[in-house]
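The next block is upload38.tsv, given as TSV, C-alpha atoms.
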```
chain	number	residue	atom	x	y	z
A	1	MET	CA	-5.94	7.40	37.26
A	2	ASN	CA	-2.18	7.15	37.91
A	3	PRO	CA	-0.71	4.80	35.24
A	4	PHE	CA	2.38	4.10	37.41
A	5	VAL	CA	0.62	2.86	40.56
A	6	PRO	CA	1.26	-0.89	39.88
A	7	LEU	CA	5.03	-0.22	39.85
A	8	ARG	CA	4.89	0.35	43.61
A	9	ASP	CA	4.51	-3.42	43.97
A	10	ARG	CA	7.79	-5.40	43.95
A	11	ASP	CA	6.30	-8.40	42.17
A	12	PHE	CA	4.91	-6.26	39.37
A	13	ARG	CA	8.28	-4.47	38.98
A	14	LEU	CA	10.00	-7.83	38.45
A	15	TYR	CA	7.30	-8.81	35.97
A	16	PHE	CA	7.80	-5.49	34.17
A	17	VAL	CA	11.61	-5.61	33.96
A	18	GLY	CA	11.82	-9.29	33.03
A	19	GLU	CA	9.33	-9.00	30.19
A	20	ALA	CA	10.86	-5.77	28.85
A	21	LEU	CA	14.22	-7.54	28.49
A	22	SER	CA	12.61	-10.62	26.95
A	23	PHE	CA	10.76	-8.56	24.35
A	24	PHE	CA	13.95	-6.67	23.53
A	25	GLY	CA	15.44	-9.94	22.34
A	26	SER	CA	12.24	-10.89	20.52
A	27	GLY	CA	12.12	-7.55	18.69
A	28	LEU	CA	15.78	-7.83	17.80
A	29	SER	CA	15.55	-11.33	16.32
A	30	LEU	CA	12.16	-10.81	14.65
A	31	VAL	CA	13.30	-7.83	12.58
A	32	ALA	CA	16.62	-9.49	11.84
A	33	LEU	CA	15.04	-12.79	10.71
A	34	ASN	CA	12.47	-10.98	8.57
A	35	TRP	CA	15.22	-9.18	6.69
A	36	TYR	CA	17.52	-12.20	6.62
A	37	LEU	CA	14.86	-14.46	5.06
A	38	LEU	CA	13.78	-11.89	2.46
A	39	ASP	CA	17.40	-11.07	1.57
A	40	ARG	CA	18.43	-14.73	1.39
A	41	THR	CA	15.42	-16.08	-0.55
A	42	GLY	CA	14.10	-12.97	-2.32
A	43	SER	CA	10.58	-14.16	-1.50
A	44	ALA	CA	7.94	-12.53	0.71
A	45	SER	CA	6.33	-15.96	0.86
A	46	ALA	CA	9.36	-17.27	2.78
A	47	VAL	CA	8.80	-14.56	5.41
A	48	GLY	CA	5.08	-15.34	5.54
A	49	ALA	CA	5.84	-19.06	5.90
A	50	TYR	CA	8.06	-18.29	8.92
A	51	TYR	CA	5.11	-16.64	10.66
A	52	GLY	CA	2.76	-19.42	9.55
A	53	VAL	CA	4.98	-22.11	11.08
A	54	ALA	CA	5.44	-20.17	14.34
A	55	LEU	CA	1.74	-19.49	14.67
A	56	SER	CA	0.64	-23.03	13.79
A	57	ALA	CA	2.48	-24.21	16.90
A	58	GLY	CA	-0.26	-22.50	18.88
A	59	LEU	CA	-2.86	-24.82	17.38
A	60	VAL	CA	-0.94	-27.74	18.88
A	61	ALA	CA	-0.22	-26.16	22.27
A	62	TYR	CA	-3.23	-24.00	23.17
A	63	PRO	CA	-5.66	-26.87	23.94
A	64	LEU	CA	-3.29	-27.93	26.75
A	65	SER	CA	-1.66	-24.62	27.71
A	66	GLY	CA	-4.95	-23.16	29.00
A	67	PRO	CA	-5.68	-26.01	31.45
A	68	ILE	CA	-1.99	-26.04	32.43
A	69	ALA	CA	-2.16	-22.31	33.29
A	70	ASP	CA	-5.28	-22.91	35.42
A	71	ARG	CA	-3.97	-26.02	37.16
A	72	PHE	CA	-0.35	-25.16	38.01
A	73	PRO	CA	1.23	-21.98	39.42
A	74	ARG	CA	1.18	-19.41	36.60
A	75	ARG	CA	4.63	-18.09	37.52
A	76	VAL	CA	6.18	-21.56	37.15
A	77	VAL	CA	4.43	-22.16	33.81
A	78	ALA	CA	5.70	-18.82	32.47
A	79	ILE	CA	9.26	-19.66	33.55
A	80	ALA	CA	9.05	-23.05	31.82
A	81	ALA	CA	7.87	-21.31	28.63
A	82	ASP	CA	10.85	-18.92	28.79
A	83	LEU	CA	13.21	-21.89	29.11
A	84	VAL	CA	11.64	-23.61	26.06
A	85	ARG	CA	12.27	-20.48	23.99
A	86	LEU	CA	15.79	-20.14	25.41
A	87	LEU	CA	16.67	-23.65	24.22
A	88	SER	CA	15.08	-23.14	20.80
A	89	LEU	CA	16.81	-19.85	20.02
A	90	GLY	CA	20.04	-21.04	21.60
A	91	ALA	CA	20.16	-24.07	19.32
A	92	LEU	CA	19.54	-21.94	16.21
A	93	ALA	CA	22.19	-19.47	17.36
A	94	ALA	CA	24.70	-22.33	17.75
A	95	LEU	CA	23.99	-23.49	14.19
A	96	SER	CA	24.32	-19.98	12.80
A	97	TRP	CA	27.81	-19.54	14.28
A	98	PHE	CA	29.01	-22.15	11.74
A	99	GLY	CA	27.41	-20.54	8.69
A	100	ASP	CA	23.97	-19.90	7.24
A	101	PRO	CA	21.52	-22.25	8.99
A	102	ALA	CA	19.29	-24.41	6.81
A	103	LEU	CA	15.83	-22.97	6.19
A	104	LEU	CA	14.42	-26.14	7.75
A	105	ALA	CA	16.31	-25.34	10.97
A	106	ILE	CA	14.93	-21.78	10.99
A	107	TYR	CA	11.38	-23.02	10.55
A	108	ALA	CA	11.86	-25.76	13.17
A	109	SER	CA	13.08	-23.15	15.65
A	110	ALA	CA	10.08	-20.98	14.79
A	111	PHE	CA	7.75	-23.88	15.61
A	112	VAL	CA	9.38	-24.69	18.97
A	113	THR	CA	9.53	-21.00	19.90
A	114	GLY	CA	5.85	-20.76	18.96
A	115	LEU	CA	5.10	-23.66	21.31
A	116	GLY	CA	6.85	-21.75	24.07
A	117	PHE	CA	4.81	-18.63	23.39
A	118	ALA	CA	1.54	-20.59	23.36
A	119	LEU	CA	2.45	-21.98	26.79
A	120	PHE	CA	3.52	-18.54	28.03
A	121	PHE	CA	0.57	-16.42	26.82
A	122	PRO	CA	-2.35	-17.77	28.91
A	123	ALA	CA	-0.13	-18.18	31.98
A	124	ILE	CA	1.21	-14.62	31.94
A	125	ILE	CA	-2.26	-13.12	31.31
A	126	ALA	CA	-3.74	-15.05	34.24
A	127	PHE	CA	-0.69	-14.27	36.40
A	128	LEU	CA	-1.12	-10.53	35.86
A	129	GLN	CA	-4.76	-10.87	36.92
A	130	GLU	CA	-3.52	-12.48	40.17
A	131	ILE	CA	-0.89	-9.95	41.22
A	132	VAL	CA	-2.80	-6.67	40.71
A	133	SER	CA	-6.10	-5.46	42.14
A	134	GLY	CA	-9.19	-4.92	39.98
A	135	GLU	CA	-9.02	-1.13	40.07
A	136	GLN	CA	-5.46	-1.23	38.73
A	137	LEU	CA	-6.17	-3.49	35.75
A	138	VAL	CA	-6.16	-0.74	33.08
A	139	ALA	CA	-2.94	0.77	34.47
A	140	ALA	CA	-1.33	-2.67	34.84
A	141	ASN	CA	-2.31	-3.70	31.31
A	142	GLY	CA	-0.95	-0.40	30.05
A	143	LEU	CA	2.37	-1.02	31.77
A	144	SER	CA	2.34	-4.61	30.54
A	145	GLU	CA	1.99	-3.21	27.03
A	146	VAL	CA	4.96	-0.97	27.82
A	147	THR	CA	7.05	-4.06	28.63
A	148	THR	CA	6.22	-5.44	25.20
A	149	GLN	CA	6.79	-2.26	23.26
A	150	LEU	CA	9.80	-0.99	25.20
A	151	GLY	CA	11.55	-4.20	24.30
A	152	ASN	CA	10.32	-4.14	20.71
A	153	VAL	CA	11.29	-0.49	20.21
A	154	THR	CA	14.85	-0.95	21.40
A	155	GLY	CA	15.18	-4.36	19.77
A	156	ALA	CA	13.88	-3.17	16.40
A	157	ALA	CA	16.05	-0.06	16.52
A	158	ALA	CA	19.15	-2.17	17.09
A	159	ALA	CA	18.22	-5.00	14.71
A	160	GLY	CA	19.33	-3.50	11.40
A	161	PHE	CA	22.69	-2.38	12.82
A	162	ALA	CA	23.21	-5.65	14.70
A	163	LEU	CA	22.46	-7.79	11.65
A	164	GLU	CA	24.78	-5.79	9.41
A	165	HIS	CA	27.68	-5.50	11.86
A	166	LEU	CA	27.36	-8.49	14.22
A	167	GLY	CA	25.57	-11.08	12.10
A	168	LEU	CA	22.59	-13.34	12.62
A	169	SER	CA	24.38	-15.58	15.11
A	170	ALA	CA	25.00	-12.72	17.57
A	171	VAL	CA	21.43	-11.49	17.24
A	172	LEU	CA	20.01	-14.94	18.07
A	173	THR	CA	22.44	-15.37	20.98
A	174	ILE	CA	21.29	-12.07	22.50
A	175	ASP	CA	17.65	-13.11	22.11
A	176	ALA	CA	18.28	-16.45	23.85
A	177	ALA	CA	20.01	-14.66	26.73
A	178	THR	CA	17.04	-12.34	27.29
A	179	TYR	CA	14.76	-15.33	27.89
A	180	ALA	CA	17.16	-16.46	30.60
A	181	VAL	CA	16.96	-13.03	32.25
A	182	SER	CA	13.15	-13.07	32.01
A	183	ALA	CA	13.01	-16.48	33.70
A	184	LEU	CA	15.27	-15.25	36.51
A	185	ALA	CA	13.11	-12.16	37.07
A	186	LEU	CA	9.91	-14.21	37.24
A	187	GLY	CA	11.67	-16.67	39.55
A	188	ALA	CA	12.29	-13.84	42.02
A	189	VAL	CA	8.57	-12.99	42.24
A	190	ARG	CA	7.22	-13.81	45.71
A	191	HIS	CA	3.63	-14.54	44.66
A	192	ARG	CA	3.12	-18.30	45.07
A	193	SER	CA	-0.66	-18.87	45.16
A	194	LEU	CA	-2.19	-21.85	43.35
A	195	PRO	CA	-5.27	-21.46	41.11
A	196	GLU	CA	-8.58	-22.64	42.58
A	197	ALA	CA	-8.78	-25.63	40.18
A	198	ALA	CA	-5.30	-26.90	40.94
A	199	HIS	CA	-6.31	-30.56	41.35
A	200	ALA	CA	-9.03	-30.90	38.70
A	201	PRO	CA	-8.35	-33.45	35.89
A	202	MET	CA	-7.00	-31.79	32.76
A	203	LEU	CA	-9.76	-33.08	30.48
A	204	ALA	CA	-12.45	-31.90	32.90
A	205	MET	CA	-10.84	-28.47	33.06
A	206	LEU	CA	-10.75	-28.26	29.26
A	207	ARG	CA	-14.46	-29.12	29.08
A	208	GLU	CA	-15.30	-26.59	31.78
A	209	GLY	CA	-13.52	-23.85	29.84
A	210	GLY	CA	-15.45	-24.79	26.70
A	211	ARG	CA	-18.75	-24.72	28.60
A	212	TYR	CA	-17.98	-21.24	29.94
A	213	LEU	CA	-17.43	-19.80	26.47
A	214	ARG	CA	-20.45	-21.58	24.96
A	215	SER	CA	-22.64	-20.11	27.68
A	216	HIS	CA	-21.13	-16.64	27.17
A	217	PRO	CA	-21.02	-16.09	23.37
A	218	ALA	CA	-20.56	-12.34	23.74
A	219	VAL	CA	-17.39	-12.95	25.76
A	220	ALA	CA	-16.16	-15.39	23.10
A	221	ALA	CA	-16.81	-12.87	20.32
A	222	PHE	CA	-15.20	-10.03	22.22
A	223	GLY	CA	-12.15	-12.18	22.96
A	224	VAL	CA	-11.59	-12.68	19.25
A	225	VAL	CA	-12.01	-8.93	18.66
A	226	SER	CA	-9.42	-8.19	21.36
A	227	ILE	CA	-6.62	-9.96	19.47
A	228	VAL	CA	-7.45	-9.05	15.85
A	229	PRO	CA	-5.21	-5.92	15.98
A	230	THR	CA	-2.39	-8.27	17.04
A	231	VAL	CA	-3.14	-10.47	14.01
A	232	ALA	CA	-2.87	-7.37	11.83
A	233	THR	CA	0.37	-6.33	13.51
A	234	ILE	CA	2.01	-9.71	12.92
A	235	THR	CA	0.88	-9.74	9.29
A	236	SER	CA	2.03	-6.14	8.82
A	237	ASN	CA	5.62	-7.24	9.50
A	238	VAL	CA	5.56	-9.12	6.20
A	239	VAL	CA	3.96	-6.17	4.39
A	240	LEU	CA	6.27	-3.56	5.90
A	241	VAL	CA	9.52	-5.34	5.07
A	242	THR	CA	8.34	-5.63	1.46
A	243	TYR	CA	7.24	-1.99	1.40
A	244	VAL	CA	10.65	-0.77	2.59
A	245	LEU	CA	12.58	-2.94	0.13
A	246	ARG	CA	10.43	-2.71	-3.00
A	247	VAL	CA	8.58	0.62	-2.68
A	248	LEU	CA	11.01	2.79	-0.72
A	249	HIS	CA	14.10	0.94	-2.07
A	250	ARG	CA	15.79	1.20	1.34
A	251	GLY	CA	17.78	-1.21	3.50
A	252	SER	CA	17.41	-3.07	6.77
A	253	THR	CA	18.27	-0.02	8.90
A	254	VAL	CA	15.24	1.91	7.58
A	255	TYR	CA	13.06	-1.16	8.13
A	256	GLY	CA	14.34	-1.42	11.70
A	257	ILE	CA	13.57	2.27	12.35
A	258	ALA	CA	10.07	1.94	10.86
A	259	ASP	CA	9.41	-1.03	13.13
A	260	MET	CA	10.87	0.95	16.03
A	261	MET	CA	8.48	3.85	15.35
A	262	TYR	CA	5.55	1.44	15.53
A	263	GLY	CA	6.91	0.50	18.93
A	264	VAL	CA	7.27	4.16	19.96
A	265	GLY	CA	3.56	4.70	19.27
A	266	ALA	CA	2.65	1.48	21.06
A	267	LEU	CA	4.88	2.39	23.99
A	268	SER	CA	3.11	5.72	24.43
A	269	ALA	CA	-0.22	3.88	24.38
A	270	GLY	CA	0.89	1.91	27.42
A	271	PHE	CA	1.00	5.15	29.40
A	272	LEU	CA	-1.88	7.00	27.72
A	273	ALA	CA	-4.52	4.31	27.16
A	274	ALA	CA	-6.04	4.90	30.60
A	275	LEU	CA	-6.41	8.61	29.79
A	276	VAL	CA	-8.12	7.80	26.47
A	277	VAL	CA	-10.59	5.57	28.33
A	278	LEU	CA	-11.28	8.30	30.88
A	279	ARG	CA	-11.91	10.80	28.10
A	280	LEU	CA	-14.12	8.69	25.81
A	281	GLY	CA	-15.29	5.75	27.89
A	282	GLU	CA	-14.03	2.22	27.22
A	283	TRP	CA	-16.50	1.25	24.47
A	284	ALA	CA	-16.28	4.51	22.50
A	285	ALA	CA	-12.50	4.41	22.89
A	286	MET	CA	-12.26	0.90	21.42
A	287	ALA	CA	-14.51	1.78	18.46
A	288	THR	CA	-12.55	5.00	17.75
A	289	LEU	CA	-9.22	3.19	17.87
A	290	LEU	CA	-10.37	0.48	15.45
A	291	VAL	CA	-11.71	3.04	12.94
A	292	SER	CA	-8.40	4.93	13.19
A	293	LEU	CA	-6.50	1.72	12.45
A	294	VAL	CA	-8.54	1.15	9.29
A	295	ALA	CA	-7.74	4.71	8.17
A	296	GLY	CA	-4.04	4.19	8.87
A	297	TYR	CA	-3.71	1.01	6.83
A	298	LEU	CA	-5.69	2.51	3.94
A	299	ALA	CA	-3.45	5.60	3.99
A	300	PHE	CA	-0.43	3.35	3.34
A	301	MET	CA	-2.05	2.32	0.05
A	302	LEU	CA	-1.14	5.84	-1.20
A	303	GLU	CA	2.51	4.64	-0.92
A	304	PRO	CA	4.11	7.67	0.78
A	305	HIS	CA	7.87	7.86	0.12
A	306	LEU	CA	8.89	10.61	2.56
A	307	LEU	CA	10.48	8.77	5.49
A	308	VAL	CA	9.23	11.17	8.15
A	309	VAL	CA	5.66	10.52	6.94
A	310	VAL	CA	6.17	6.74	6.90
A	311	PHE	CA	7.61	6.80	10.42
A	312	ALA	CA	4.79	9.02	11.72
A	313	MET	CA	2.16	6.71	10.19
A	314	THR	CA	3.69	3.57	11.70
A	315	ALA	CA	3.85	5.32	15.09
A	316	ALA	CA	0.15	6.25	14.86
A	317	ILE	CA	-0.82	2.69	13.91
A	318	GLY	CA	1.25	1.37	16.82
A	319	PHE	CA	-0.51	3.72	19.25
A	320	CYS	CA	-4.02	2.78	18.10
A	321	SER	CA	-3.33	-0.96	18.05
A	322	SER	CA	-1.79	-1.06	21.52
A	323	ALA	CA	-4.28	1.33	23.12
A	324	PHE	CA	-7.09	-0.90	21.86
A	325	ARG	CA	-5.37	-4.03	23.17
A	326	VAL	CA	-4.85	-2.49	26.62
A	327	THR	CA	-8.50	-1.43	26.87
A	328	ALA	CA	-9.89	-4.72	25.55
A	329	ASN	CA	-7.69	-6.86	27.83
A	330	SER	CA	-8.74	-4.84	30.87
A	331	THR	CA	-12.39	-5.35	29.95
A	332	LEU	CA	-11.86	-9.10	29.57
A	333	MET	CA	-10.19	-9.31	32.98
A	334	ARG	CA	-13.23	-7.64	34.54
A	335	VAL	CA	-15.60	-10.07	32.81
A	336	VAL	CA	-13.83	-13.46	32.99
A	337	PRO	CA	-13.47	-15.21	36.40
A	338	GLY	CA	-9.87	-15.83	37.41
A	339	ALA	CA	-10.44	-19.59	37.78
A	340	VAL	CA	-11.03	-19.98	34.02
A	341	MET	CA	-8.86	-17.13	32.74
A	342	GLY	CA	-6.05	-19.37	31.52
A	343	ARG	CA	-8.39	-21.59	29.49
A	344	THR	CA	-10.30	-18.58	28.19
A	345	ALA	CA	-7.10	-16.89	27.02
A	346	ALA	CA	-5.98	-20.14	25.39
A	347	ALA	CA	-9.32	-20.47	23.58
A	348	PHE	CA	-8.94	-16.96	22.21
A	349	GLY	CA	-5.42	-17.89	21.22
A	350	ILE	CA	-6.67	-20.89	19.21
A	351	SER	CA	-9.29	-18.82	17.37
A	352	THR	CA	-6.95	-16.00	16.53
A	353	THR	CA	-4.07	-18.32	15.69
A	354	LEU	CA	-6.22	-19.84	12.96
A	355	LEU	CA	-6.72	-16.34	11.60
A	356	GLN	CA	-3.02	-15.53	12.00
A	357	VAL	CA	-1.91	-18.68	10.17
A	358	ALA	CA	-4.33	-18.05	7.30
A	359	SER	CA	-3.24	-14.41	7.09
A	360	ALA	CA	0.48	-15.20	7.26
A	361	ILE	CA	0.21	-17.86	4.55
A	362	ALA	CA	-1.99	-15.71	2.29
A	363	ILE	CA	-0.03	-12.49	2.63
A	364	GLY	CA	3.08	-13.67	0.74
A	365	PRO	CA	1.35	-14.66	-2.53
A	366	LEU	CA	-0.96	-11.64	-2.18
A	367	ILE	CA	2.01	-9.27	-2.04
A	368	GLU	CA	3.82	-11.07	-4.84
A	369	ASN	CA	0.81	-10.54	-7.14
A	370	GLY	CA	-0.65	-7.26	-5.87
A	371	GLY	CA	2.27	-5.53	-4.18
A	372	ALA	CA	2.34	-3.88	-0.76
A	373	ARG	CA	-0.96	-2.10	-1.49
A	374	ALA	CA	-2.79	-5.43	-1.52
A	375	GLY	CA	-1.21	-6.29	1.81
A	376	PHE	CA	-2.36	-3.07	3.44
A	377	LEU	CA	-5.86	-3.60	2.03
A	378	LEU	CA	-5.97	-7.02	3.72
A	379	LEU	CA	-4.92	-5.44	7.03
A	380	ALA	CA	-7.67	-2.82	6.76
A	381	GLY	CA	-10.19	-5.59	6.01
A	382	LEU	CA	-9.20	-7.50	9.16
A	383	ILE	CA	-9.82	-4.43	11.33
A	384	VAL	CA	-13.16	-3.71	9.61
A	385	GLY	CA	-14.24	-7.25	10.53
A	386	ALA	CA	-13.20	-6.68	14.16
A	387	THR	CA	-15.14	-3.39	14.26
A	388	LEU	CA	-18.32	-5.09	13.07
A	389	LEU	CA	-17.90	-7.91	15.61
A	390	LEU	CA	-17.36	-5.36	18.38
A	391	ALA	CA	-20.63	-3.65	17.43
A	392	VAL	CA	-22.44	-6.99	17.89
A	393	ALA	CA	-20.74	-8.04	21.16
A	394	ALA	CA	-20.51	-4.70	22.99
A	395	PRO	CA	-24.21	-4.22	23.90
A	396	ARG	CA	-24.40	-7.71	25.43
A	397	LEU	CA	-21.31	-7.11	27.58
A	398	ARG	CA	-22.05	-3.55	28.62
A	399	ARG	CA	-25.27	-4.34	30.50
A	400	PRO	CA	-23.81	-6.80	33.07
A	401	LEU	CA	-20.69	-4.67	33.54
A	402	GLU	CA	-22.67	-1.50	34.14
A	403	ALA	CA	-25.00	-3.37	36.49
A	404	ALA	CA	-22.01	-4.61	38.49
```
For this file, write the structure as structure tokens.
Amino acid sequence: MNPFVPLRDRDFRLYFVGEALSFFGSGLSLVALNWYLLDRTGSASAVGAYYGVALSAGLVAYPLSGPIADRFPRRVVAIAADLVRLLSLGALAALSWFGDPALLAIYASAFVTGLGFALFFPAIIAFLQEIVSGEQLVAANGLSEVTTQLGNVTGAAAAGFALEHLGLSAVLTIDAATYAVSALALGAVRHRSLPEAAHAPMLAMLREGGRYLRSHPAVAAFGVVSIVPTVATITSNVVLVTYVLRVLHRGSTVYGIADMMYGVGALSAGFLAALVVLRLGEWAAMATLLVSLVAGYLAFMLEPHLLVVVFAMTAAIGFCSSAFRVTANSTLMRVVPGAVMGRTAAAFGISTTLLQVASAIAIGPLIENGGARAGFLLLAGLIVGATLLLAVAAPRLRRPLEAA
């Protein structure tokens, strides 16, 4: 299985480049805002609240973003989502040029940016399913993961330096510009097909998506499993920034490098996930990766201080999380019909957003009272729950897939 085959297609290359640049800006501003909020307020809860506000936007947008992705051209929807995030980050950047922006403005920007992501997520998942063939799904999902992590690696690596030497305003301006580049790249894609349900009423489409998941409970359960490592990753940002500051007693540059090393591991998973699946099989691979994630988060409870060990551990966690996500997403794309993929992805987004909001809100007080160890224990618990749910859902999904 050649992991680079999808790059032979012009449309996929534009998808790849545009998203890599977009995620560079996201990685840059995410690390910078994490550090900025903790340094300004001295509270891990303020960082957790930032994630909670951003994620809660998904609860508002996902019920509509799924039908939108299945009714209108996915490319156009993704471009619109990029423009929403461009305006949100651009406005916050403009405020920051005149001094420290109010916390309310930061949280408001987080909410609007979260709305943009909730619109973007189901559209871009369904769009990828359109532009690549079925036999290339694992390779395409691996390269899609590369777009995410390549941007995050470079963005995180530059974040500490950029925040210290350029300031928050420049960081946010760069992030806003990357969304403009992403929109231009997607605009150059030639694929123009409309989804099959283009003219169905929105409410009817929403009900149809709900009926599909109710009639396929194993798919619904597996969809939740597929995004739990992402929930853990988002929550780990709050834990890691606290770990670097209060356990390692280091600055934003070390935090940026630690986040970068997570991205290095995740980036390698984009190229190697297909090989792991070939070696172990998709179901054994997913179970092995989840168990490895549990071990990684528990190992952090030993509070290693040697930086090379910390960086190696974050890289290993990044690899396992992303390799699982690539494999699980490819399996979902084989199971879920393209006509309902946008609504299905949005439904998974709603379920996992609830978990993300609860985790982001809980993690701040948990760390304040129990330290970083308590945070890593929570992360391990999330992955244990996903492993148990996978054990329940896998047998029901394997039979129809193997029969096909």
Contacts of A:Leu389 within 8 Å, only C-alpha atoms, excl. fewer than 6 positions in-chain, as a PDB file with C-alpha atoms, in the coordinates of the input:
```
ATOM      1  CA  ALA A 221     -16.810 -12.870  20.320  1.00  0.00           C
ATOM      2  CA  PHE A 222     -15.200 -10.030  22.220  1.00  0.00           C
ATOM      3  CA  VAL A 225     -12.010  -8.930  18.660  1.00  0.00           C
TER       4      VAL A 225
END
```
Considering all atoms listed in the file, tabulate each residue of stretch 194-300 of chain A that lies at most 9 Å from stretch 41-55 of chain A along with its nearest interatomic pair and the corresponding distance in Å to one decimal; arrange the rows by chain and ascending residue number and present them as a tab-separated table.
```
residue	atom	partner	partner_atom	distance
A:Ile234	CA	A:Tyr51	CA	7.9
A:Thr235	CA	A:Gly48	CA	7.9
A:Asn237	CA	A:Val47	CA	9.0
A:Val238	CA	A:Gly48	CA	6.3
A:Val239	CA	A:Ala44	CA	8.4
A:Val241	CA	A:Ala44	CA	8.6
A:Thr242	CA	A:Ala44	CA	7.0
```
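Proximity ranking of A:Arg279, A:Arg246, A:Arg85, A:Arg325 relative to A:Leu143 places A:Arg325 first, based on all atoms listed in the file.
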Using only C-alpha atoms, what table do you get, as CSV, when you list each residue of stretch 228-283 of chain A with an atom no more than 12 Å from stretch 11-24 of chain A, its nearest pair of atoms, and their distance in Å rounded to one decimal, rows by chain then rising number?
```
residue,atom,partner,partner_atom,distance
A:Met260,CA,A:Phe24,CA,11.1
A:Gly263,CA,A:Phe24,CA,11.1
A:Leu267,CA,A:Ala20,CA,11.2
```
Nearby residues (all atoms listed in the file) at most 12 Å from A:Ala32, same-chain spacing under 3 positions excluded, as JSON, numbers by chain: {"A": [25, 26, 27, 28, 29, 35, 36, 37, 38, 39, 40, 47, 155, 156, 157, 158, 159, 160, 161, 162, 163, 164, 165, 166, 167, 168, 169, 170, 171, 172, 174, 175, 237, 241, 251, 252, 253, 255, 256, 259]}
So what do you get for atom CA of A:Arg71 versus atom CA of A:Ala183, distance-wise? 19.8 Å
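For the pair atom CA of A:Ile350 and atom CA of A:Leu59, the interatomic distance is 5.8 Å.
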For atom CA of A:Val384 and atom CA of A:Arg398, the interatomic separation in Å (one decimal): 21.0 Å
Give me the residues within 12 Å of A:Phe348 as an MDAnalysis selection string, counting only C-alpha atoms and dropping any in the same chain fewer than 3 places off. chainID A and resid 58:59 62:63 65:66 118 121:122 125 209:210 213 219:228 231 329 332 341:345 351:356
Save stretch 233-259 of chain A to a file: C-alpha atoms, as a PDB file, in the first residue's frame.
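Writing done, so here's selection.pdb:
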```pdb
ATOM      1  CA  THR A 233      -5.717  15.311  22.919  1.00  0.00           C
ATOM      2  CA  ILE A 234      -7.666  18.547  23.363  1.00  0.00           C
ATOM      3  CA  THR A 235      -7.872  18.034  27.123  1.00  0.00           C
ATOM      4  CA  SER A 236      -4.173  17.149  27.285  1.00  0.00           C
ATOM      5  CA  ASN A 237      -3.319  20.665  26.084  1.00  0.00           C
ATOM      6  CA  VAL A 238      -4.579  21.993  29.415  1.00  0.00           C
ATOM      7  CA  VAL A 239      -2.705  19.293  31.349  1.00  0.00           C
ATOM      8  CA  LEU A 240       0.542  19.676  29.414  1.00  0.00           C
ATOM      9  CA  VAL A 241       0.809  23.450  29.778  1.00  0.00           C
ATOM     10  CA  THR A 242       0.351  23.030  33.545  1.00  0.00           C
ATOM     11  CA  TYR A 243       2.874  20.181  33.646  1.00  0.00           C
ATOM     12  CA  VAL A 244       5.544  22.261  31.895  1.00  0.00           C
ATOM     13  CA  LEU A 245       4.980  25.320  34.092  1.00  0.00           C
ATOM     14  CA  ARG A 246       4.411  23.748  37.520  1.00  0.00           C
ATOM     15  CA  VAL A 247       6.245  20.399  37.379  1.00  0.00           C
ATOM     16  CA  LEU A 248       9.119  21.065  34.990  1.00  0.00           C
ATOM     17  CA  HIS A 249       9.305  24.798  35.894  1.00  0.00           C
ATOM     18  CA  ARG A 250      10.020  25.686  32.262  1.00  0.00           C
ATOM     19  CA  GLY A 251       8.772  28.385  29.898  1.00  0.00           C
ATOM     20  CA  SER A 252       6.633  28.681  26.785  1.00  0.00           C
ATOM     21  CA  THR A 253       9.434  27.548  24.452  1.00  0.00           C
ATOM     22  CA  VAL A 254       9.644  24.127  26.159  1.00  0.00           C
ATOM     23  CA  TYR A 255       5.850  23.859  26.065  1.00  0.00           C
ATOM     24  CA  GLY A 256       5.890  24.657  22.352  1.00  0.00           C
ATOM     25  CA  ILE A 257       8.553  21.984  21.706  1.00  0.00           C
ATOM     26  CA  ALA A 258       6.618  19.395  23.737  1.00  0.00           C
ATOM     27  CA  ASP A 259       3.507  20.148  21.697  1.00  0.00           C
TER      28      ASP A 259
END
```
